Structure formats: structure tokens, C-alpha cells
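What follows is query.txt (compact mmCIF, C-alpha atoms).
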```
# COMPACT_ATOMS: atom_id res chain seq x y z
CA MET A 18 -147.76 -1.56 133.01
CA LYS A 19 -148.24 -5.04 131.51
CA LYS A 20 -146.11 -4.07 128.51
CA ASN A 21 -143.33 -2.85 130.82
CA ARG A 22 -143.41 -6.08 132.80
CA ALA A 23 -143.36 -8.15 129.61
CA PHE A 24 -140.39 -6.16 128.35
CA GLN A 25 -138.54 -6.63 131.65
CA THR A 26 -139.24 -10.36 131.50
CA VAL A 27 -137.80 -10.60 127.98
CA VAL A 28 -134.71 -8.63 129.02
CA LEU A 29 -134.20 -10.86 132.05
CA LEU A 30 -134.50 -14.01 129.93
CA LEU A 31 -131.95 -12.62 127.48
CA LEU A 32 -129.55 -11.82 130.33
CA VAL A 33 -129.90 -15.32 131.72
CA ALA A 34 -129.33 -16.81 128.26
CA VAL A 35 -126.17 -14.75 127.72
CA GLN A 36 -124.75 -15.71 131.11
CA ALA A 37 -125.60 -19.39 130.60
CA SER A 38 -123.84 -19.28 127.24
CA ALA A 39 -120.75 -17.69 128.84
CA GLN A 40 -120.55 -20.51 131.38
CA LYS A 41 -120.20 -23.03 128.53
CA THR A 42 -117.20 -21.40 126.88
CA GLY A 43 -114.58 -23.36 128.81
CA ILE A 44 -112.53 -20.19 129.16
CA PRO A 45 -110.76 -20.15 132.55
CA LEU A 46 -112.08 -17.92 135.32
CA VAL A 47 -108.61 -17.62 136.87
CA TYR A 48 -105.09 -19.02 136.49
CA SER A 49 -102.59 -20.66 138.82
CA VAL A 50 -99.65 -18.51 137.69
CA GLU A 51 -98.92 -14.79 137.97
CA ASN A 52 -98.28 -14.22 134.27
CA THR A 53 -99.36 -16.67 131.59
CA GLY A 54 -97.62 -14.50 129.00
CA ALA A 55 -94.15 -14.74 130.56
CA LYS A 56 -93.03 -17.05 127.76
CA TYR A 57 -93.48 -14.37 125.09
CA ASP A 58 -90.76 -11.93 124.11
CA ALA A 59 -91.49 -8.25 124.59
CA PRO A 60 -92.67 -6.40 121.48
CA ARG A 61 -90.39 -3.88 119.78
CA PHE A 62 -90.61 -0.60 121.68
CA ALA A 63 -90.43 2.40 119.38
CA ALA A 64 -88.99 5.66 120.67
CA PRO A 65 -91.86 7.93 121.80
CA SER A 66 -91.03 10.45 119.06
CA GLN A 67 -91.39 7.70 116.45
CA LEU A 68 -94.83 6.53 117.56
CA PRO A 69 -97.77 7.55 115.35
CA SER A 70 -100.38 9.89 116.82
CA VAL A 71 -103.80 8.24 117.19
CA SER A 72 -106.54 10.48 118.55
CA THR A 73 -109.01 7.65 119.21
CA LEU A 74 -108.59 4.66 121.52
CA PRO A 75 -106.22 2.09 119.98
CA ASN A 76 -107.66 -1.25 118.89
CA PRO A 77 -106.91 -3.70 121.74
CA PHE A 78 -107.04 -6.67 119.37
CA VAL A 79 -104.28 -5.54 116.98
CA PHE A 80 -100.81 -6.87 117.80
CA SER A 81 -98.06 -4.34 118.40
CA ASP A 82 -96.48 -4.86 114.98
CA GLY A 83 -99.81 -3.97 113.35
CA LYS A 84 -99.74 -7.08 111.17
CA LYS A 85 -102.21 -9.37 112.91
CA GLU A 86 -105.38 -9.16 114.96
CA VAL A 87 -106.73 -11.40 117.70
CA LYS A 88 -109.40 -13.65 116.21
CA LYS A 89 -109.61 -16.44 118.80
CA PHE A 90 -109.22 -16.59 122.56
CA LYS A 91 -106.00 -18.62 122.40
CA GLN A 92 -104.34 -15.58 120.74
CA TRP A 93 -105.38 -13.27 123.56
CA MET A 94 -102.67 -14.56 125.91
CA LYS A 95 -99.93 -13.24 123.62
CA ARG A 96 -101.71 -9.95 122.90
CA ARG A 97 -102.36 -9.46 126.62
CA ALA A 98 -98.64 -9.98 127.29
CA GLU A 99 -97.80 -7.28 124.74
CA ILE A 100 -100.12 -4.75 126.38
CA ALA A 101 -98.67 -5.52 129.82
CA GLN A 102 -95.13 -5.00 128.50
CA GLU A 103 -96.06 -1.71 126.83
CA ILE A 104 -97.65 -0.32 130.01
CA GLN A 105 -94.55 -1.23 131.99
CA HIS A 106 -92.18 0.21 129.39
CA TYR A 107 -93.89 3.54 128.77
CA GLU A 108 -95.83 4.22 131.96
CA ILE A 109 -95.12 2.49 135.28
CA GLY A 110 -91.78 0.73 135.01
CA GLN A 111 -90.81 -2.92 135.31
CA LYS A 112 -92.59 -5.37 137.56
CA PRO A 113 -89.83 -7.97 138.07
CA SER A 114 -90.64 -11.66 138.20
CA VAL A 115 -89.57 -13.57 141.30
CA PRO A 116 -88.84 -17.32 141.33
CA MET A 117 -90.65 -19.30 144.00
CA ASP A 118 -87.37 -20.45 145.53
CA SER A 119 -86.73 -16.80 146.45
CA ILE A 120 -89.91 -16.77 148.55
CA ASP A 121 -90.05 -17.93 152.19
CA ALA A 122 -93.47 -17.87 153.83
CA ARG A 123 -94.90 -18.76 157.21
CA MET A 124 -97.92 -18.14 159.40
CA ASN A 125 -97.56 -16.62 162.87
CA GLY A 126 -101.00 -17.29 164.28
CA ASP A 127 -103.31 -15.66 161.72
CA THR A 128 -100.59 -13.37 160.32
CA LEU A 129 -99.03 -14.16 156.96
CA ILE A 130 -95.30 -13.37 156.77
CA VAL A 131 -93.49 -13.44 153.43
CA ASP A 132 -89.74 -12.94 152.98
CA VAL A 133 -88.59 -12.05 149.46
CA ARG A 134 -84.89 -12.71 148.87
CA MET A 135 -83.32 -10.99 145.86
CA ASN A 136 -79.83 -9.71 145.09
CA GLY A 137 -78.56 -10.41 148.60
CA GLU A 138 -81.37 -8.40 150.23
CA VAL A 139 -84.56 -9.43 152.08
CA LEU A 140 -87.89 -7.63 152.03
CA THR A 141 -90.51 -8.80 154.54
CA LEU A 142 -94.26 -8.44 154.12
CA LYS A 143 -96.63 -9.00 157.04
CA THR A 144 -100.41 -8.89 157.21
CA PRO A 145 -103.08 -10.56 159.34
CA ILE A 146 -105.81 -12.65 157.74
CA PHE A 147 -109.29 -12.18 159.20
CA TYR A 148 -111.08 -15.48 158.87
CA PRO A 149 -114.87 -16.01 158.83
CA GLN A 150 -116.54 -17.20 161.99
CA GLU A 151 -118.55 -19.72 160.00
CA GLY A 152 -118.21 -21.64 156.77
CA THR A 153 -115.65 -24.23 155.79
CA ALA A 154 -111.99 -23.78 154.84
CA PRO A 155 -110.42 -23.17 152.42
CA TYR A 156 -112.10 -19.76 152.26
CA PRO A 157 -112.31 -17.18 149.48
CA LEU A 158 -110.15 -14.14 150.23
CA MET A 159 -110.63 -10.45 149.48
CA ILE A 160 -107.45 -8.38 149.74
CA GLY A 161 -107.75 -4.65 150.30
CA ALA A 162 -105.15 -2.56 148.51
CA SER A 163 -103.99 -0.24 151.31
CA ASN A 164 -107.47 -0.62 152.81
CA ASN A 165 -110.85 -2.18 152.08
CA SER A 166 -113.46 0.57 151.96
CA LEU A 167 -116.26 -1.77 150.90
CA PRO A 168 -118.66 -2.65 153.75
CA ALA A 169 -117.19 -5.54 155.77
CA LYS A 170 -120.69 -7.00 156.15
CA LEU A 171 -120.72 -7.94 152.45
CA PHE A 172 -117.78 -10.28 153.10
CA LYS A 173 -118.67 -11.49 156.57
CA ASP A 174 -122.16 -12.52 155.45
CA ARG A 175 -120.54 -14.65 152.73
CA ASN A 176 -117.80 -16.24 154.84
CA ILE A 177 -115.10 -14.52 152.80
CA ALA A 178 -111.76 -14.01 154.54
CA MET A 179 -110.21 -10.52 154.45
CA MET A 180 -106.68 -9.20 154.36
CA VAL A 181 -104.92 -5.90 153.63
CA PHE A 182 -101.87 -5.33 151.43
CA PHE A 183 -99.91 -2.64 153.27
CA GLU A 184 -98.22 -1.00 150.31
CA ARG A 185 -95.88 1.07 152.50
CA GLN A 186 -93.97 -2.16 153.21
CA VAL A 187 -92.83 -1.97 149.58
CA ASN A 188 -92.89 1.68 148.61
CA ASN A 189 -94.27 4.69 150.49
CA TYR A 190 -94.90 6.78 147.38
CA SER A 191 -98.20 8.50 148.02
CA GLN A 192 -100.01 11.80 147.92
CA PHE A 193 -99.96 11.58 151.73
CA GLY A 194 -96.87 12.74 153.60
CA ARG A 195 -93.53 13.72 152.10
CA PRO A 196 -91.81 10.92 150.17
CA SER A 197 -88.05 10.78 150.42
CA GLY A 198 -87.63 10.30 146.70
CA ARG A 199 -87.18 7.50 144.22
CA GLY A 200 -84.60 4.93 145.06
CA ASN A 201 -84.99 5.18 148.84
CA TYR A 202 -87.67 2.61 149.60
CA GLU A 203 -87.75 -1.06 150.53
CA PHE A 204 -88.24 -2.21 146.94
CA ASP A 205 -85.13 -0.31 145.89
CA ARG A 206 -82.88 -2.32 148.17
CA LEU A 207 -83.74 -5.39 146.10
CA TYR A 208 -83.76 -3.63 142.73
CA PRO A 209 -81.38 -0.63 142.81
CA ASP A 210 -81.45 -0.39 139.00
CA LEU A 211 -85.20 0.25 138.83
CA THR A 212 -85.33 3.69 140.41
CA GLU A 213 -87.24 5.07 137.41
CA ASN A 214 -90.20 2.87 138.37
CA GLY A 215 -93.45 4.43 139.41
CA ALA A 216 -95.18 3.18 142.53
CA TYR A 217 -97.90 1.22 140.74
CA SER A 218 -95.46 -1.30 139.27
CA GLU A 219 -93.81 -1.78 142.67
CA TRP A 220 -97.10 -2.06 144.53
CA ALA A 221 -98.29 -4.65 142.02
CA TRP A 222 -95.01 -6.49 142.58
CA GLY A 223 -95.48 -6.52 146.36
CA PHE A 224 -99.07 -7.65 146.08
CA SER A 225 -97.96 -10.61 143.94
CA ARG A 226 -95.44 -11.62 146.58
CA LEU A 227 -98.29 -12.03 149.09
CA LEU A 228 -99.96 -14.37 146.61
CA ASP A 229 -96.65 -16.23 146.27
CA GLY A 230 -96.62 -16.76 150.02
CA LEU A 231 -100.20 -18.01 150.09
CA GLN A 232 -99.53 -20.30 147.17
CA LYS A 233 -96.31 -21.70 148.60
CA LEU A 234 -97.86 -22.49 151.99
CA GLY A 235 -100.99 -23.99 150.45
CA PRO A 236 -104.59 -24.11 151.72
CA GLU A 237 -103.79 -26.66 154.44
CA VAL A 238 -101.70 -23.99 156.19
CA THR A 239 -103.38 -20.73 155.13
CA LYS A 240 -107.02 -21.95 154.93
CA ILE A 241 -107.30 -19.88 151.73
CA ASP A 242 -108.55 -21.07 148.34
CA MET A 243 -106.12 -19.75 145.70
CA LYS A 244 -108.80 -20.06 143.00
CA ARG A 245 -110.99 -17.54 144.80
CA ILE A 246 -108.79 -14.50 145.42
CA GLY A 247 -110.11 -10.95 145.02
CA VAL A 248 -108.56 -7.49 145.31
CA THR A 249 -110.23 -4.14 145.92
CA GLY A 250 -109.31 -0.57 146.77
CA CYS A 251 -110.65 2.96 146.44
CA SER A 252 -109.33 6.22 144.96
CA TYR A 253 -105.52 6.02 144.59
CA ALA A 254 -105.85 2.51 146.01
CA GLY A 255 -108.58 1.84 143.44
CA LYS A 256 -105.89 2.36 140.83
CA MET A 257 -103.62 0.13 142.90
CA ALA A 258 -106.23 -2.63 142.97
CA LEU A 259 -106.69 -2.37 139.20
CA PHE A 260 -102.94 -2.61 138.53
CA CYS A 261 -102.60 -5.49 141.03
CA GLY A 262 -105.47 -7.42 139.48
CA ALA A 263 -104.46 -6.66 135.91
CA PHE A 264 -100.87 -7.82 136.44
CA ASP A 265 -101.50 -11.01 138.41
CA GLU A 266 -103.66 -13.67 136.78
CA ARG A 267 -104.13 -15.53 140.06
CA VAL A 268 -106.72 -12.87 140.97
CA ALA A 269 -110.21 -14.11 140.14
CA LEU A 270 -112.03 -10.84 140.89
CA THR A 271 -110.93 -7.21 140.89
CA ILE A 272 -113.22 -4.48 142.26
CA ALA A 273 -111.76 -1.04 141.52
CA GLN A 274 -113.74 1.56 143.48
CA GLU A 275 -113.61 5.16 142.23
CA PRO A 276 -110.11 4.73 140.74
CA GLY A 277 -110.11 8.09 138.95
CA GLY A 278 -107.70 9.23 136.24
CA GLY A 279 -104.73 6.95 135.75
CA GLY A 280 -106.92 4.00 136.69
CA ALA A 281 -109.73 2.79 134.45
CA ALA A 282 -110.17 6.21 132.81
CA ALA A 283 -108.53 6.56 129.39
CA TRP A 284 -105.78 9.17 129.21
CA ARG A 285 -106.98 10.38 125.79
CA VAL A 286 -110.57 10.87 126.90
CA SER A 287 -109.65 12.53 130.19
CA ARG A 288 -107.73 15.23 128.33
CA THR A 289 -110.99 16.34 126.66
CA LEU A 290 -112.79 16.86 129.98
CA GLY A 291 -112.70 19.66 132.58
CA ASN A 292 -110.91 19.72 135.92
CA VAL A 293 -110.09 16.02 136.10
CA GLU A 294 -107.06 13.91 136.88
CA ASN A 295 -105.35 13.41 133.55
CA LEU A 296 -101.87 12.57 132.32
CA ASP A 297 -100.69 16.13 132.98
CA LYS A 298 -102.37 16.44 136.38
CA THR A 299 -101.64 13.40 138.53
CA ASP A 300 -99.17 12.37 141.22
CA TYR A 301 -95.97 11.45 139.42
CA ASN A 302 -94.67 9.46 142.32
CA TRP A 303 -97.05 6.85 140.92
CA PHE A 304 -95.78 6.79 137.32
CA LYS A 305 -92.51 7.10 135.44
CA HIS A 306 -91.59 10.77 135.06
CA SER A 307 -90.94 10.06 131.38
CA LEU A 308 -94.66 9.35 130.89
CA LYS A 309 -95.43 13.06 131.18
CA GLU A 310 -92.30 14.08 129.31
CA ASN A 311 -93.08 11.80 126.37
CA PHE A 312 -96.88 11.84 126.27
CA GLY A 313 -98.03 15.05 127.96
CA GLU A 314 -100.64 17.41 126.50
CA GLU A 315 -101.28 16.84 122.78
CA LYS A 316 -98.68 14.04 122.68
CA VAL A 317 -101.08 11.76 124.60
CA GLY A 318 -102.17 10.47 121.18
CA ASN A 319 -98.72 8.92 120.72
CA LEU A 320 -99.31 6.38 123.49
CA PRO A 321 -99.45 2.99 121.73
CA TYR A 322 -102.21 1.89 124.14
CA ASP A 323 -104.67 3.49 126.56
CA HIS A 324 -106.29 2.46 129.81
CA HIS A 325 -109.16 0.57 128.23
CA GLU A 326 -106.36 -1.91 127.55
CA LEU A 327 -105.17 -1.81 131.16
CA VAL A 328 -108.76 -2.73 132.06
CA ALA A 329 -108.75 -5.47 129.42
CA LEU A 330 -105.66 -7.07 130.98
CA CYS A 331 -108.09 -8.55 133.52
CA CYS A 332 -109.86 -10.51 130.79
CA PRO A 333 -110.88 -13.37 130.95
CA ARG A 334 -111.07 -12.87 134.71
CA ALA A 335 -113.76 -10.83 136.46
CA LEU A 336 -113.69 -7.06 136.98
CA LEU A 337 -116.17 -4.59 138.46
CA LEU A 338 -115.59 -0.83 138.19
CA LEU A 339 -117.38 1.47 140.64
CA GLY A 340 -117.73 5.18 139.95
CA ASN A 341 -118.99 8.34 141.64
CA PRO A 342 -119.84 11.19 139.23
CA ASP A 343 -120.33 13.69 142.07
CA TYR A 344 -116.53 14.14 142.10
CA GLU A 345 -115.42 15.72 138.82
CA TRP A 346 -111.73 14.97 139.53
CA LEU A 347 -112.40 11.23 139.20
CA ALA A 348 -113.04 11.61 135.45
CA ASP A 349 -115.90 9.11 135.48
CA PRO A 350 -117.05 10.06 131.94
CA SER A 351 -113.61 8.94 130.79
CA MET A 352 -113.94 5.69 132.77
CA TYR A 353 -117.36 5.17 131.17
CA VAL A 354 -115.90 5.45 127.65
CA SER A 355 -112.90 3.32 128.58
CA ALA A 356 -115.09 0.64 130.20
CA ASN A 357 -117.31 0.32 127.15
CA ALA A 358 -114.27 0.03 124.90
CA ALA A 359 -112.74 -2.64 127.16
CA LEU A 360 -116.05 -4.49 127.30
CA LYS A 361 -115.55 -5.40 123.63
CA VAL A 362 -112.75 -7.76 124.69
CA TRP A 363 -114.95 -9.77 127.06
CA GLU A 364 -117.77 -9.69 124.49
CA LYS A 365 -115.54 -11.07 121.76
CA PHE A 366 -114.96 -14.22 123.78
CA GLY A 367 -118.58 -14.58 124.91
CA ILE A 368 -117.83 -13.84 128.58
CA GLU A 369 -119.33 -10.38 128.95
CA ASP A 370 -120.88 -11.37 132.28
CA ARG A 371 -117.39 -11.21 133.80
CA PHE A 372 -117.09 -7.44 133.40
CA GLY A 373 -119.30 -4.69 134.76
CA TYR A 374 -119.40 -1.04 135.72
CA SER A 375 -121.63 0.95 138.06
CA ILE A 376 -121.36 4.75 138.16
CA VAL A 377 -123.76 6.04 140.82
CA ALA A 378 -124.04 9.51 142.39
CA GLN A 379 -125.22 10.94 145.73
CA HIS A 380 -122.72 9.41 148.12
CA GLY A 381 -119.39 10.30 149.68
CA HIS A 382 -116.04 9.41 148.15
CA CYS A 383 -115.14 5.78 148.94
CA GLN A 384 -118.46 5.29 150.73
CA LEU A 385 -120.36 2.60 148.88
CA PRO A 386 -124.08 3.49 148.92
CA PRO A 387 -126.72 0.78 149.50
CA SER A 388 -127.85 1.28 145.90
CA GLN A 389 -124.55 -0.23 144.72
CA TYR A 390 -124.62 -3.20 147.08
CA PRO A 391 -126.40 -5.48 144.56
CA GLU A 392 -123.64 -5.07 141.96
CA VAL A 393 -120.89 -5.89 144.44
CA GLU A 394 -122.87 -8.76 145.93
CA ALA A 395 -123.49 -10.29 142.51
CA PHE A 396 -119.78 -10.24 141.61
CA LEU A 397 -118.81 -11.69 144.99
CA ASP A 398 -121.44 -14.40 144.69
CA LYS A 399 -120.48 -15.47 141.19
CA PHE A 400 -116.71 -15.14 141.16
CA LEU A 401 -115.70 -15.84 144.76
CA LEU A 402 -118.56 -18.15 145.78
CA GLY A 403 -119.29 -19.83 142.45
CA LYS A 404 -123.00 -18.98 142.32
CA THR A 405 -123.47 -19.08 138.56
CA ASP A 406 -127.00 -17.68 138.62
CA ALA A 407 -125.90 -14.28 140.00
CA ASN A 408 -126.65 -11.49 137.50
CA THR A 409 -123.34 -9.77 136.76
CA LEU A 410 -124.33 -8.10 133.50
CA VAL A 411 -123.94 -4.73 135.18
CA ARG A 412 -123.96 -1.61 132.98
CA ILE A 413 -125.03 1.33 135.15
CA ALA A 414 -124.26 4.99 134.43
CA PRO A 415 -126.03 8.36 134.70
CA ALA A 416 -128.88 8.70 132.20
CA ASP A 417 -127.14 11.46 130.23
CA TYR A 418 -123.84 9.62 129.76
CA PRO A 419 -124.67 7.69 126.55
CA GLN A 420 -125.54 10.91 124.72
CA ARG A 421 -123.01 13.28 126.31
CA TYR A 422 -120.11 10.83 126.15
CA ASP A 423 -120.79 8.82 123.02
CA VAL A 424 -118.42 5.87 122.97
CA ARG A 425 -118.59 5.22 119.23
CA PRO A 426 -116.37 8.07 117.99
CA TRP A 427 -113.60 6.83 120.29
CA MET A 428 -113.60 3.35 118.74
CA ALA A 429 -112.64 3.69 115.11
CA TRP A 430 -112.14 -0.06 115.11
```
Take the structure in this file and express it as C-alpha cells.
Amino acid sequence: MKKNRAFQTVVLLLLVAVQASAQKTGIPLVYSVENTGAKYDAPRFAAPSQLPSVSTLPNPFVFSDGKKEVKKFKQWMKRRAEIAQEIQHYEIGQKPSVPMDSIDARMNGDTLIVDVRMNGEVLTLKTPIFYPQEGTAPYPLMIGASNNSLPAKLFKDRNIAMMVFFERQVNNYSQFGRPSGRGNYEFDRLYPDLTENGAYSEWAWGFSRLLDGLQKLGPEVTKIDMKRIGVTGCSYAGKMALFCGAFDERVALTIAQEPGGGGAAAWRVSRTLGNVENLDKTDYNWFKHSLKENFGEEKVGNLPYDHHELVALCCPRALLLLGNPDYEWLADPSMYVSANAALKVWEKFGIEDRFGYSIVAQHGHCQLPPSQYPEVEAFLDKFLLGKTDANTLVRIAPADYPQRYDVRPWMAW
């Protein structure tokens, strides 16, 4: 017993030392712009048939031309921009940039209203903000993608404001209901040439327009601190939250709950599993149809990236992945492999305390069990409340995962 306690004490001291070291890096926790890589040209996009087949997960540090590798953090901005461009080109479609002078925002009571004016059309987003009863403005804000399935008490107890991004105001693509087809949604009025887009690019676009509105109005009007914005969602909305957080660097914390295949799970790994959501078995309202045409079945190895790199787009900002292995369809073994591959990016820059994963069984889908509360609470405390002593070195998975789903063979790099 004494030996166990001594060991636990040593581990705790090491964790504290690592987190203290990460706080001294000077690497930003969040940015004031949507895309710091906007200044970089897109990489050369090879035709899918000309892309080499790579069975393992591609090296996230190697630039698209294969000639250089990220050695220092200042190079990551450009490499991150390349990955974002590749995902848009091959998988989800373009997320257009919008100048701030095309955004009109106002508050009607506690409801945020944002008008986006593009190409002679106007798209309006509306959502109420639920403010804390205590605390002092400006408040941190957690935005639910479609909904917030995390317990509201976790936010209320911390005086964190809450809001929902109603994605149907942009694009109603969903596994629920009967969509009327590409090109017939609100987004398409503004961008009639982007009908090949999948929903995740358009939802990420709409989410960013809410942040534009908050930013344009400022904390004096909104009572929201733009440096302490989070996004969360579960299941298909867990994917949505991940894409929203990955593609907008004004998000300080992303919590993707049970995102399943097409989210944090790597397409390559998912194809080796059983009855899971993989590139051939997903809702193609969400992605470009050409993704399946070009990279289906054995051609998945031709993808120049994989979703460990989608996860890594959040770096250097904070990300927590929540899994539920009771539901095979979610492909959590694939998310486990992908998460450990992505972790190498945060580790390279000495900020591994900003990324965590917790894969815990014995609870319903999108129903966070009390056993996972500590992980969520730690990430909220550190990255939305600024409590630097919160332990966010979270690496939790079923005991058999390390042996059954060995990460090493997937990372030839």
C-alpha cells in the first residue's frame, strides 16, 4: 500500500511539473482571428488517382510537398493551414471567409442576432444567450452545436454563459427528416456555386458567423469574453463541434462528445474494425459525395491526411474527446488510435496538458456519466476559467485498448 501511494505521489508530481512547464511556453491558448493561416496559399492538390497510397496515418508534421517538416512552433501555423485546406478540398468543401463589414449584429434582450450579407443575399442567425445568475461579466461562453448534452450544472456552477448554435438556420442536412437536397438551403442562397459542399463545412461557417457577431458587438454589449469561448456537441453534433472548433481559432476549448466515425476517429483505422461508421458507411449529406467516390474502400489509403490531423487543427488550443465504447458504431478504438497520434502534435510543443481523451463505458449515448465529470470540469476550469492548477493530463481508455489497438504500427513516423 505504501509503495502504491509513493508511486502515485511521484506520478502526480510529474504531472504537475509537465503542466507547469507547459504554462511557460508562451504559446497562445487562443487567437483573436478565425484563421491565422489565411495568409498562406493553398498547397498543390493532386488528383485523387495521383495520390500515393499510405496504409498508416500520415505524418502531421510533414508539409504537403513532402520536402520539409515542422521543427518549431512558428512553422505549425503554415502546416495547420495546409491540413485545413486539404480537408476542405477532398472531404467537406469550402468554408468561405467573410469580411467583418459583411456582418451586422445586434442584441434583442438576451438574444444575439447576426445578419450575414453576401452576394446580394442576407442570412440571419438568432440564438439566446443564457447568462449566469452570479459572477462578473464578461463571462466565459460554452456554445452547444445543435444542443449541449453536457450537464448544465457543470456550467452554472462555474458562472459560464451558455448558447446554442442552431445549425438548421444554415443547412438542414441531417440524418433526421428528409433533406430537400444540396443547393436548397439557406447557405446556398449566399453561395450558389458551393453546392458540392458537405454540411460540416457549412455548419462550421455558420458557427463562425456567430463568433463574428459577438466579436463585432464586443463584451460591453454581449457580456461575453471572446478569449474564453468553448464549443461542444454529441454524436453527429460531436463531429460538428470538432469541425467548428478545428476551423475557428477563436475557440479556446472544444469538447467533442462521442463524435463517432467521421469525427475524431481516423478513416484508415475505422476501416479495419467491425460494424462502425467509416468512410463507406456514413451520412453523405455531411461530406462531399466525391469523398466516397475517390477514397472509398481500399482507396482510403490515398487520402493525403486523416482525422488525427483534423484533431490536430485544434492545436495549440484545448481539446477534450469523450468516448463511449458500449456503442460499436462510434468506432472508439479508431478514435483512441487517432487521439494518440494527434497527441504527438501537442507534445512536440510542450503543451500536452491542452489535449485529453476519456473513453468510458456503462452509460447511455450522449449521457455523460458522473465518472467523466472530473475530466470535463478540469478542462472547463483551466481553459475557460484560467485555473492553471487543474489537472488536464487526461488519458483514459478501457484497460484492453493499449494491447488490442496498438498505436505504434499506425505511426510509421
TODO: Give the answer as one residue: which of A:Ile100, A:Met124, A:Val268, A:Ile246 has the shortest atom-to-atom distance to Val328 in chain A, using all atoms listed in the file?
DONE: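 When distances to Val328 in chain A are compared using all atoms listed in the file, the smallest one comes from A:Ile100.
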Closest pair table for range 310-428 of chain A residues within 7 Å of range 280-304 of chain A, only C-alpha atoms, as a tab-separated table:
```
residue	atom	partner	partner_atom	distance
A:Gly313	CA	A:Asp297	CA	5.8
A:Glu314	CA	A:Asp297	CA	6.6
A:Val317	CA	A:Arg285	CA	6.2
A:Gly318	CA	A:Arg285	CA	6.7
A:Asp323	CA	A:Ala283	CA	5.7
A:His324	CA	A:Ala283	CA	4.7
A:His325	CA	A:Ala283	CA	6.1
A:Val328	CA	A:Ala281	CA	6.1
A:Glu345	CA	A:Val293	CA	6.0
A:Trp346	CA	A:Val293	CA	3.9
A:Leu347	CA	A:Val293	CA	6.2
A:Ala348	CA	A:Val293	CA	5.3
A:Asp349	CA	A:Ala282	CA	7.0
A:Ser351	CA	A:Ala282	CA	4.8
A:Met352	CA	A:Ala282	CA	3.8
A:Ser355	CA	A:Ala283	CA	5.5
```
Write out as a Markdown table a residue-level contact list of range 296-386 of chain A versus range 408-416 of chain A with cut-off 9 Å: for each qualifying residue the closest pair of atoms and the distance in Å to one decimal, counting only C-alpha atoms, rows sorted by chain and residue number upward.
```
| residue | atom | partner | partner_atom | distance |
| --- | --- | --- | --- | --- |
| A:Leu337 | CA | A:Val411 | CA | 8.4 |
| A:Gly340 | CA | A:Ala414 | CA | 8.6 |
| A:Pro342 | CA | A:Pro415 | CA | 8.2 |
| A:Tyr353 | CA | A:Ala414 | CA | 7.6 |
| A:Glu369 | CA | A:Leu410 | CA | 7.1 |
| A:Asp370 | CA | A:Leu410 | CA | 4.9 |
| A:Arg371 | CA | A:Thr409 | CA | 6.8 |
| A:Phe372 | CA | A:Leu410 | CA | 7.3 |
| A:Gly373 | CA | A:Val411 | CA | 4.7 |
| A:Tyr374 | CA | A:Arg412 | CA | 5.4 |
| A:Ser375 | CA | A:Ile413 | CA | 4.5 |
| A:Ile376 | CA | A:Ala414 | CA | 4.7 |
| A:Val377 | CA | A:Ala414 | CA | 6.5 |
| A:Ala378 | CA | A:Pro415 | CA | 8.0 |
```
The selected residues should be written to file as a compact mmCIF listing (two decimals), in the frame of the given file (atoms: C-alpha atoms).
```txt
# COMPACT_ATOMS: atom_id res chain seq x y z
CA LEU A 337 -116.17 -4.59 138.46
CA GLY A 340 -117.73 5.18 139.95
CA PRO A 342 -119.84 11.19 139.23
CA TYR A 353 -117.36 5.17 131.17
CA GLU A 369 -119.33 -10.38 128.95
CA ASP A 370 -120.88 -11.37 132.28
CA ARG A 371 -117.39 -11.21 133.80
CA PHE A 372 -117.09 -7.44 133.40
CA GLY A 373 -119.30 -4.69 134.76
CA TYR A 374 -119.40 -1.04 135.72
CA SER A 375 -121.63 0.95 138.06
CA ILE A 376 -121.36 4.75 138.16
CA VAL A 377 -123.76 6.04 140.82
CA ALA A 378 -124.04 9.51 142.39
```
Open item on the list: Need the shell around Val71 in chain A: protein/DNA/RNA residues with any atom at most 8 Å away, counting all atoms listed in the file. Skip same-chain ones fewer than 2 positions apart. Format as a list of chain:residue names?
Closed with: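 Listing them by chain and then by number gives A:Pro69, A:Thr73, A:Leu74, A:Pro75, A:Gly318, A:Asn319, A:Leu320.
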Open item on the list: My list of candidates is A:Pro168, A:Gly250, A:Gly137, A:Gly83. Which is closest to Leu339 in chain A when distances are computed with only C-alpha atoms?
Closed with: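 Closest to Leu339 in chain A, using only C-alpha atoms: A:Gly250.
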Task: Close residues, Leu68 in chain A itself excluded, 12 Å, all atoms listed in the file, min 3 positions apart in chain, as a ChimeraX atom specification - done: /A:61-65,71,81-82,107,311-312,316-322
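One finds CA of Phe260 in chain A at 6.2 Å from CA of Ala221 in chain A.
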